[in-house]
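Enquirer: You'll find target.txt just under this line, and it carries compact mmCIF, C-alpha atoms.
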```txt
# COMPACT_ATOMS: atom_id res chain seq x y z
CA MET S 110 116.01 70.52 95.80
CA SER S 111 119.67 70.09 94.97
CA ILE S 112 121.35 71.40 91.82
CA LEU S 113 123.96 69.54 89.80
CA VAL S 114 126.16 71.91 87.80
CA VAL S 115 128.69 70.95 85.14
CA GLY S 116 131.07 73.62 83.87
CA THR S 117 134.47 75.21 84.28
CA VAL S 118 136.49 76.12 87.32
CA ALA S 119 139.21 78.41 86.08
CA PHE S 120 141.82 81.06 86.58
CA ASP S 121 141.21 84.41 84.88
CA SER S 122 143.33 87.39 84.01
CA ILE S 123 141.12 90.44 83.64
CA GLN S 124 141.71 94.05 82.68
CA THR S 125 139.07 96.76 82.78
CA PRO S 126 139.29 100.56 82.67
CA PHE S 127 139.22 100.44 86.47
CA GLY S 128 142.04 98.01 87.18
CA LYS S 129 143.59 94.64 86.55
CA ALA S 130 143.48 91.26 88.27
CA ASP S 131 145.85 88.39 87.47
CA ARG S 132 145.33 84.73 88.34
CA CYS S 133 141.98 85.34 89.97
CA LEU S 134 139.31 82.71 90.37
CA GLY S 135 136.81 82.33 87.56
CA GLY S 136 134.91 79.78 85.54
CA SER S 137 131.21 79.33 84.83
CA ALA S 138 130.70 76.62 87.44
CA THR S 139 132.54 78.65 90.09
CA TYR S 140 130.32 81.72 89.81
CA PHE S 141 127.19 79.60 89.41
CA SER S 142 127.88 77.38 92.43
CA VAL S 143 128.68 80.20 94.82
CA ALA S 144 125.57 82.17 93.77
CA ALA S 145 123.22 79.18 93.91
CA SER S 146 124.56 78.11 97.31
CA PHE S 147 122.83 81.09 98.93
CA PHE S 148 119.54 79.25 98.38
CA THR S 149 120.12 75.51 98.05
CA GLU S 150 122.61 72.64 97.94
CA VAL S 151 124.89 72.50 94.90
CA ASP S 152 126.76 69.47 93.58
CA LEU S 153 129.73 70.76 91.57
CA ILE S 154 131.21 68.75 88.70
CA ALA S 155 134.35 70.24 87.19
CA VAL S 156 138.05 69.56 86.74
CA ILE S 157 141.10 71.43 88.05
CA GLY S 158 144.84 71.08 87.68
CA GLU S 159 147.62 70.65 90.17
CA ASP S 160 148.06 74.44 90.27
CA PHE S 161 144.63 74.90 91.93
CA THR S 162 145.59 75.10 95.59
CA ASP S 163 143.67 74.40 98.79
CA ASP S 164 143.45 78.18 99.27
CA ASP S 165 141.75 78.41 95.87
CA VAL S 166 139.30 75.63 96.78
CA ALA S 167 138.38 77.64 99.88
CA ILE S 168 135.90 79.68 97.81
CA PHE S 169 133.61 76.63 97.95
CA ARG S 170 134.13 75.67 101.58
CA ASN S 171 131.70 76.64 104.35
CA ARG S 172 129.01 76.89 101.68
CA ASN S 173 126.31 74.46 100.67
CA ILE S 174 128.51 73.04 97.88
CA LYS S 175 129.48 69.38 97.49
CA LEU S 176 132.94 68.86 96.00
CA ASP S 177 132.94 65.11 95.37
CA GLY S 178 132.73 65.83 91.64
CA LEU S 179 135.62 68.30 91.58
CA GLN S 180 138.38 66.27 89.93
CA ARG S 181 142.04 67.21 90.34
CA VAL S 182 144.50 66.02 87.67
CA ALA S 183 148.11 65.72 88.77
CA GLY S 184 150.71 67.39 86.59
CA ALA S 185 148.12 69.42 84.67
CA LYS S 186 147.09 73.07 84.61
CA THR S 187 143.66 74.52 85.30
CA PHE S 188 141.54 76.10 82.55
CA PHE S 189 142.71 79.69 81.93
CA TRP S 190 141.03 82.70 80.31
CA ALA S 191 142.38 86.21 79.79
CA GLY S 192 140.09 89.04 78.76
CA GLU S 193 139.87 92.78 78.52
CA TYR S 194 137.00 95.27 78.71
CA GLY S 195 136.80 98.81 77.44
CA PHE S 196 134.33 101.36 78.74
CA ASP S 197 131.56 99.31 77.13
CA LEU S 198 131.51 96.64 79.81
CA ASN S 199 128.99 94.58 77.85
CA VAL S 200 131.74 93.48 75.46
CA ALA S 201 134.70 91.32 76.50
CA LYS S 202 137.72 90.88 74.23
CA THR S 203 139.30 87.48 74.71
CA ARG S 204 143.10 87.69 74.80
CA ASP S 205 143.89 84.08 75.61
CA THR S 206 142.11 80.80 76.26
CA GLN S 207 143.94 77.71 77.48
CA LEU S 208 141.74 74.64 77.88
CA ASN S 209 144.49 72.75 79.71
CA VAL S 210 142.95 70.04 81.89
CA PHE S 211 139.44 70.79 80.57
CA ALA S 212 140.38 69.55 77.07
CA ASP S 213 140.02 65.92 78.18
CA PHE S 214 137.15 66.39 80.61
CA HIS S 215 134.43 63.73 80.30
CA PRO S 216 132.64 63.37 83.64
CA THR S 217 130.94 60.18 84.75
CA LEU S 218 128.05 60.77 87.14
CA THR S 219 127.61 58.79 90.31
CA ALA S 220 124.33 57.02 91.08
CA GLU S 221 123.38 59.89 93.40
CA GLN S 222 124.24 62.57 90.84
CA LYS S 223 122.12 60.84 88.21
CA LYS S 224 119.06 61.44 90.43
CA THR S 225 119.57 65.20 90.76
CA ASP S 226 116.46 67.40 90.92
CA VAL S 227 117.88 70.29 88.90
CA LEU S 228 120.66 70.15 86.30
CA PHE S 229 122.53 73.19 85.02
CA LEU S 230 124.71 72.71 81.96
CA ALA S 231 127.05 75.68 81.86
CA ASN S 232 128.41 77.06 78.58
CA ILE S 233 130.57 74.09 77.64
CA HIS S 234 130.55 72.10 74.38
CA PRO S 235 126.94 71.14 73.53
CA GLU S 236 127.84 67.50 72.95
CA LEU S 237 129.42 67.34 76.40
CA GLN S 238 126.29 68.98 77.80
CA MET S 239 124.13 66.27 76.22
CA ASP S 240 126.45 63.51 77.38
CA VAL S 241 125.92 64.65 80.97
CA LEU S 242 122.16 65.07 80.51
CA HIS S 243 121.79 61.58 79.06
CA GLN S 244 123.49 60.12 82.12
CA THR S 245 120.78 61.49 84.43
CA GLU S 246 117.38 60.06 85.27
CA ARG S 247 115.68 63.14 83.81
CA PRO S 248 115.76 65.90 86.44
CA ARG S 249 112.65 67.93 87.21
CA LEU S 250 114.33 70.97 85.63
CA VAL S 251 117.16 71.04 83.07
CA ALA S 252 118.74 74.39 82.20
CA LEU S 253 121.45 75.21 79.69
CA ASP S 254 123.74 78.13 78.97
CA THR S 255 125.77 78.63 75.82
CA MET S 256 128.09 81.09 74.10
CA ASN S 257 128.86 82.59 70.69
CA LEU S 258 131.65 80.07 69.98
CA TRP S 259 129.23 77.13 70.01
CA ILE S 260 126.67 79.04 67.96
CA ASP S 261 129.34 79.61 65.32
CA THR S 262 130.91 76.17 65.30
CA LYS S 263 128.24 73.77 66.63
CA HIS S 264 124.96 75.34 65.53
CA GLU S 265 123.23 72.09 64.60
CA GLU S 266 124.36 70.29 67.75
CA LEU S 267 123.27 73.24 69.86
CA GLY S 268 119.84 73.23 68.26
CA ARG S 269 119.43 69.58 69.23
CA ALA S 270 120.51 70.41 72.77
CA PHE S 271 117.96 73.25 72.96
CA ALA S 272 115.24 70.73 72.11
CA GLU S 273 116.11 68.54 75.11
CA VAL S 274 116.13 71.11 77.92
CA ASP S 275 113.44 73.00 79.82
CA LEU S 276 115.13 76.37 80.19
CA ILE S 277 117.84 78.26 78.31
CA VAL S 278 119.94 81.08 79.72
CA ILE S 279 121.43 83.10 76.86
CA ASN S 280 122.46 86.66 76.14
CA GLU S 281 120.77 89.03 73.72
CA ALA S 282 123.47 88.94 71.04
CA GLU S 283 123.49 85.14 71.11
CA VAL S 284 119.71 84.96 70.60
CA ARG S 285 120.02 87.03 67.44
CA GLN S 286 123.14 85.16 66.34
CA PHE S 287 121.48 81.76 66.69
CA THR S 288 118.22 82.71 64.95
CA ARG S 289 119.54 85.38 62.56
CA ALA S 290 116.43 87.36 63.49
CA PRO S 291 116.77 91.08 64.35
CA ASN S 292 113.65 91.31 66.53
CA LEU S 293 114.38 89.93 69.99
CA VAL S 294 110.83 88.76 70.80
CA LYS S 295 110.45 86.98 67.45
CA ALA S 296 113.87 85.42 67.88
CA ALA S 297 112.92 84.20 71.34
CA ARG S 298 109.76 82.61 69.94
CA GLN S 299 111.85 80.77 67.35
CA ILE S 300 114.03 79.23 70.04
CA LEU S 301 111.02 78.29 72.18
CA ALA S 302 109.55 76.53 69.15
CA LEU S 303 112.47 74.08 69.33
CA GLY S 304 111.18 72.70 72.63
CA PRO S 305 112.29 74.59 75.76
CA LYS S 306 109.57 76.06 77.96
CA THR S 307 111.45 79.13 79.16
CA LEU S 308 114.04 81.46 77.68
CA VAL S 309 115.99 83.81 79.96
CA ILE S 310 117.73 86.52 77.94
CA LYS S 311 120.58 88.38 79.63
CA ARG S 312 120.82 91.98 78.40
CA GLY S 313 123.78 93.28 80.41
CA GLU S 314 123.26 96.79 81.74
CA TYR S 315 119.73 96.74 80.29
CA GLY S 316 118.55 93.90 82.50
CA VAL S 317 116.85 90.58 81.75
CA MET S 318 113.93 89.40 79.65
CA LEU S 319 112.08 86.21 80.55
CA VAL S 320 110.03 84.66 77.74
CA THR S 321 107.64 81.71 77.98
CA LYS S 322 104.90 80.49 75.66
CA ASP S 323 102.30 82.55 77.51
CA ALA S 324 104.12 85.55 78.98
CA ILE S 325 107.00 88.00 78.80
CA PHE S 326 108.58 89.56 81.87
CA ALA S 327 111.35 92.16 81.81
CA ALA S 328 113.44 93.47 84.69
CA PRO S 329 116.06 96.25 84.62
CA ALA S 330 119.59 95.86 85.86
CA TYR S 331 120.12 97.09 89.39
CA PRO S 332 121.58 100.63 89.15
CA LEU S 333 125.14 100.82 90.48
CA GLU S 334 127.57 103.71 90.75
CA ASN S 335 130.64 101.46 90.75
CA VAL S 336 131.03 98.60 88.27
CA PHE S 337 134.53 97.14 88.22
CA ASP S 338 134.36 93.75 86.53
CA PRO S 339 131.42 92.17 84.64
CA THR S 340 133.18 88.81 84.32
CA GLY S 341 130.97 86.03 85.63
CA ALA S 342 127.88 88.22 86.00
CA GLY S 343 125.87 86.01 83.66
CA ASP S 344 126.89 82.81 85.46
CA THR S 345 126.15 84.47 88.79
CA PHE S 346 122.72 85.44 87.49
CA ALA S 347 122.07 81.84 86.43
CA GLY S 348 123.15 80.61 89.87
CA GLY S 349 120.88 83.01 91.71
CA PHE S 350 118.01 82.33 89.33
CA LEU S 351 118.16 78.53 89.50
CA GLY S 352 119.21 78.45 93.14
CA TYR S 353 116.08 80.32 94.10
CA LEU S 354 113.87 78.13 91.88
CA ALA S 355 115.36 74.99 93.42
CA SER S 356 114.36 76.26 96.86
CA ARG S 357 110.68 76.52 95.85
CA ARG S 358 108.04 73.79 95.97
CA GLU S 359 106.66 74.65 92.54
CA ILE S 360 107.96 76.48 89.50
CA THR S 361 105.20 78.96 88.65
CA ASP S 362 105.19 82.18 86.65
CA ARG S 363 105.36 84.11 89.93
CA GLU S 364 108.41 82.16 91.09
CA LEU S 365 110.12 82.58 87.72
CA ARG S 366 109.72 86.35 88.05
CA ARG S 367 111.09 86.31 91.59
CA ALA S 368 113.98 84.15 90.43
CA THR S 369 114.76 86.72 87.74
CA ILE S 370 115.07 89.42 90.39
CA PHE S 371 117.19 87.27 92.70
CA GLY S 372 119.49 86.39 89.81
CA SER S 373 119.82 90.07 88.93
CA VAL S 374 120.56 90.93 92.57
CA LEU S 375 123.38 88.38 92.82
CA ALA S 376 124.84 89.56 89.52
CA SER S 377 124.77 93.16 90.75
CA PHE S 378 127.00 92.19 93.67
CA THR S 379 129.46 90.31 91.45
CA VAL S 380 130.29 93.30 89.23
CA GLU S 381 131.16 95.53 92.21
CA LYS S 382 134.60 93.92 92.59
CA PHE S 383 136.96 91.71 90.61
CA SER S 384 136.45 87.96 90.42
CA LEU S 385 134.32 86.56 93.27
CA ASP S 386 135.64 89.00 95.85
CA ARG S 387 132.27 90.65 96.43
CA LEU S 388 130.40 87.34 96.65
CA ARG S 389 132.81 86.29 99.40
CA GLU S 390 131.67 89.23 101.54
CA ILE S 391 127.90 89.13 101.33
CA THR S 392 125.32 87.09 103.25
CA LEU S 393 121.81 85.95 102.41
CA ALA S 394 120.54 88.91 104.44
CA ASP S 395 122.40 91.26 102.08
CA VAL S 396 120.82 89.51 99.10
CA GLN S 397 117.34 89.78 100.61
CA GLU S 398 117.82 93.45 101.44
CA ARG S 399 118.85 94.29 97.88
CA TYR S 400 115.91 92.24 96.60
CA GLN S 401 113.58 94.55 98.53
CA ASP S 402 115.41 97.58 97.13
CA PHE S 403 114.98 96.10 93.65
CA ARG S 404 111.25 95.67 94.21
CA ALA S 405 110.95 99.29 95.31
CA LEU S 406 112.88 100.36 92.23
CA THR S 407 110.38 98.78 89.87
CA HIS S 408 107.13 99.30 91.83
CA SER S 409 104.41 101.64 90.66
CA GLU S 410 100.84 102.16 91.86
CA ASP S 411 97.81 101.19 89.79
CA PHE S 412 96.47 103.92 87.50
CA GLU S 413 93.08 105.08 88.70
CA GLY S 414 92.22 107.51 85.94
```
Do you think you could lay out the structure here as structure tokens?
Expert:
Amino acid sequence: MSILVVGTVAFDSIQTPFGKADRCLGGSATYFSVAASFFTEVDLIAVIGEDFTDDDVAIFRNRNIKLDGLQRVAGAKTFFWAGEYGFDLNVAKTRDTQLNVFADFHPTLTAEQKKTDVLFLANIHPELQMDVLHQTERPRLVALDTMNLWIDTKHEELGRAFAEVDLIVINEAEVRQFTRAPNLVKAARQILALGPKTLVIKRGEYGVMLVTKDAIFAAPAYPLENVFDPTGAGDTFAGGFLGYLASRREITDRELRRATIFGSVLASFTVEKFSLDRLREITLADVQERYQDFRALTHSEDFEG
């Protein structure tokens, strides 16, 4: 199945305790598309400015990514974000955000895009997310990501959006922020009660928790000696997770658990270098090899008493 993703393609300026990168590629849709393309076809919908060169677009080329929906606006600048991390790499401090060309972004789907099998609504304004969803002919799977800004400023609108999707990708702090509940499992149940079938909770260096009506599955983060830049790890996870699911005939509990591991594997590659530099280097064989390592990491024999 193909995936339609709507989100940002951006330039980032990032500083961590281990270095600095200026004008590097970023954006939720960028990380998501590249990660998902390891498993399935991706149809990218985003907007860029005149400053986004052909060399920048090259990150998408020679991959299973369709660029018909990547709009370029003459005389405008691409979305820009600047952030800084301390030694706690779970927390990013935003230094600057410039919406630029994204401020007036209102995509209109083509007839083909309206028939997409899987739709991923990256962490953009919830009303824009719903505008895109309502243009489709109800995909088999609709997934949504969000962020603390929308929880603060668009809580009611976000709650309505939660009710219309099948799966939510969200981080641990955002779950508690949205529900105002301290217990993560109880908070997850509150969000599921709004309508979605699956909640995927990103927990940074502590891994991922997958919560459905009937089950809970938790996976650790892949242990790494060198972590340089966590930017985009969550979007990479979402791309790996949904990319794998889109490549399966059915979405079962078993496949959701495998998707969680594949998402975690892709995210573990992303943080090893700045921007998408590590994702440029790896192949599907590398992803599959680390998946097997991940399985070995979490495997234990049955207790026989």
Enquirer: Distance atom CA of S:Asp261-atom CA of S:Ala282, one decimal place?
Expert: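 Going from atom CA of S:Asp261 over to atom CA of S:Ala282, I get 12.4 Å.
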Enquirer: Please report the interatomic distance between atom CA of S:His215 and atom CA of S:His234 in Å with one decimal.
Expert: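 Computed distance, atom CA of S:His215 to atom CA of S:His234, equals 11.0 Å.
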Enquirer: With a distance cut-off of 8 Å and all atoms listed in the file, select the neighbouring residues of S:Leu351, excluding the residue or stretch itself and same-chain residues fewer than 6 positions from it, and output the selection as a VMD selection string.
Expert: chain S and resid 145 368 372
Enquirer: Keeping only C-alpha atoms, write the selected residues as a PDB file, in the coordinates of the input.
Expert:
```
ATOM      1  CA  ALA S 145     123.220  79.180  93.910  1.00  0.00           C
ATOM      2  CA  ALA S 368     113.980  84.150  90.430  1.00  0.00           C
ATOM      3  CA  GLY S 372     119.490  86.390  89.810  1.00  0.00           C
TER       4      GLY S 372
END
```
Enquirer: Hey, which of S:Gln207, S:Thr369, S:Thr288, S:Ser356 ends up closest to S:Ile325? Count only C-alpha atoms.
Expert: S:Thr369
Enquirer: What lies within 12 Å of S:Arg289 using only C-alpha atoms, ignoring chain neighbours under 5 positions off, as a list in words?
Expert: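 The residues satisfying every condition are Ile260, Asp261, His264, Glu281, Ala282, Glu283, Val284, Lys295, Ala296, Ala297, Gln299 and Ile300 of chain S.
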Enquirer: Which residues, written as number ranges by chain, have at least one atom at most 10 Å from stretch 123-138 of chain S, with all atoms listed in the file counted and residues fewer than 5 positions away on the same chain left out?
Expert: S: 114-118, 143-144, 153-155, 161, 165-166, 168, 188-198, 201-204, 229-233, 254, 335-345, 347-348, 383-386
Enquirer: Give the padded box for stretch 362-381 of chain S as AutoDock Vina command-line options: axis-aligned, covering all atoms listed in the file, 3 Å on each side, centre and edge lengths in Å to one decimal.
Expert:
```
--center_x 118.2 --center_y 88.8 --center_z 90.2 --size_x 32.0 --size_y 19.4 --size_z 13.0
```
Enquirer: Determine, using all atoms listed in the file, which residues of stretch 306-383 of chain S have any atom at most 12 Å from an atom of stretch 404-414 of chain S, and tabulate each with its shortest atom pair and distance in Å to one decimal place, rows ordered by chain and then rising number, as a tab-separated table.
Expert:
```
residue	atom	partner	partner_atom	distance
S:Ala327	CA	S:Thr407	CA	10.5
S:Ala328	CA	S:Thr407	CA	8.0
S:Pro329	CA	S:Thr407	CA	8.1
S:Ala330	CA	S:Leu406	CA	10.3
S:Tyr331	CA	S:Leu406	CA	8.4
S:Pro332	CA	S:Leu406	CA	9.2
S:Arg366	CA	S:Arg404	CA	11.3
S:Arg367	CA	S:Arg404	CA	9.7
S:Thr369	CA	S:Arg404	CA	11.6
S:Ile370	CA	S:Arg404	CA	8.3
S:Phe371	CA	S:Arg404	CA	10.4
S:Ser373	CA	S:Arg404	CA	11.5
S:Val374	CA	S:Arg404	CA	10.6
```
Enquirer: Take the residues from that selection and write them out as a CSV table (one decimal), keeping the file's coordinate frame, keeping C-alpha atoms.
Expert:
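The resulting again17.csv:
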```
chain,number,residue,atom,x,y,z
S,327,ALA,CA,111.4,92.2,81.8
S,328,ALA,CA,113.4,93.5,84.7
S,329,PRO,CA,116.1,96.2,84.6
S,330,ALA,CA,119.6,95.9,85.9
S,331,TYR,CA,120.1,97.1,89.4
S,332,PRO,CA,121.6,100.6,89.2
S,366,ARG,CA,109.7,86.4,88.0
S,367,ARG,CA,111.1,86.3,91.6
S,369,THR,CA,114.8,86.7,87.7
S,370,ILE,CA,115.1,89.4,90.4
S,371,PHE,CA,117.2,87.3,92.7
S,373,SER,CA,119.8,90.1,88.9
S,374,VAL,CA,120.6,90.9,92.6
```
Enquirer: In terms of the shortest atom-to-atom distance over all atoms listed in the file, which of S:Pro305, S:Gly158, S:Gly184, S:Pro235 is closest to S:Leu267?
Expert: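 Nearest to S:Leu267: S:Pro235.
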Enquirer: If we count all atoms listed in the file, what is near S:Ser111 at a cut-off of 6 Å, once residues fewer than 4 positions away on the same chain are taken out, given as a list in words?
Expert: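 Result of the neighbour search: Glu150, Val151 and Asp226 of chain S.
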Enquirer: If you count only C-alpha atoms, which residues fall within 10 Å of S:Gly268, apart from same-chain ones fewer than 2 positions away, as a PyMOL selection string?
Expert: chain S and resi 235+260+263-266+270-273+287+300+303-304
Enquirer: My list of candidates is S:Val278, S:Ala324, S:Val156, S:Met318. Which is closest to S:Ala183 when distances are computed with only C-alpha atoms?
Expert: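 Smallest distance to S:Ala183 is found for S:Val156.
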Enquirer: What is the atom CA of S:Gly316-atom CA of S:Phe346 distance in Å, reported with one decimal?
Expert: 10.7 Å
Enquirer: Check the smallest atom-to-atom distance from each of S:Tyr140, S:Phe120, S:Phe148, S:Trp259 to S:Thr187 using all atoms listed in the file, then report the winner.
Expert: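 Smallest distance to S:Thr187 is found for S:Phe120.
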Enquirer: Taking all atoms listed in the file into account, name the residue in S:Val320, S:Arg357, S:Lys186, S:Val309 that is nearest to S:Val294.
Expert: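 Closest residue, counting all atoms listed in the file: S:Val320.
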Enquirer: Calculated over only C-alpha atoms, which of the candidates S:Lys306, S:Ile157, S:Leu113, S:Leu250 has the smallest distance to S:Leu218?
Expert: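 Result for the nearest residue to S:Leu218: S:Leu113.
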Enquirer: Counting all atoms listed in the file, I want the residues whose atoms come within 7 Å of (117.3, 83.9, 98.7) in the file frame, returned as a PDB file with C-alpha atoms, keeping the file's coordinate frame.
Expert:
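Below is the file that was written, point18.pdb:
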```
ATOM      1  CA  PHE S 147     122.830  81.090  98.930  1.00  0.00           C
ATOM      2  CA  PHE S 148     119.540  79.250  98.380  1.00  0.00           C
ATOM      3  CA  TYR S 353     116.080  80.320  94.100  1.00  0.00           C
ATOM      4  CA  PHE S 371     117.190  87.270  92.700  1.00  0.00           C
ATOM      5  CA  LEU S 393     121.810  85.950 102.410  1.00  0.00           C
ATOM      6  CA  VAL S 396     120.820  89.510  99.100  1.00  0.00           C
ATOM      7  CA  GLN S 397     117.340  89.780 100.610  1.00  0.00           C
TER       8      GLN S 397
END
```
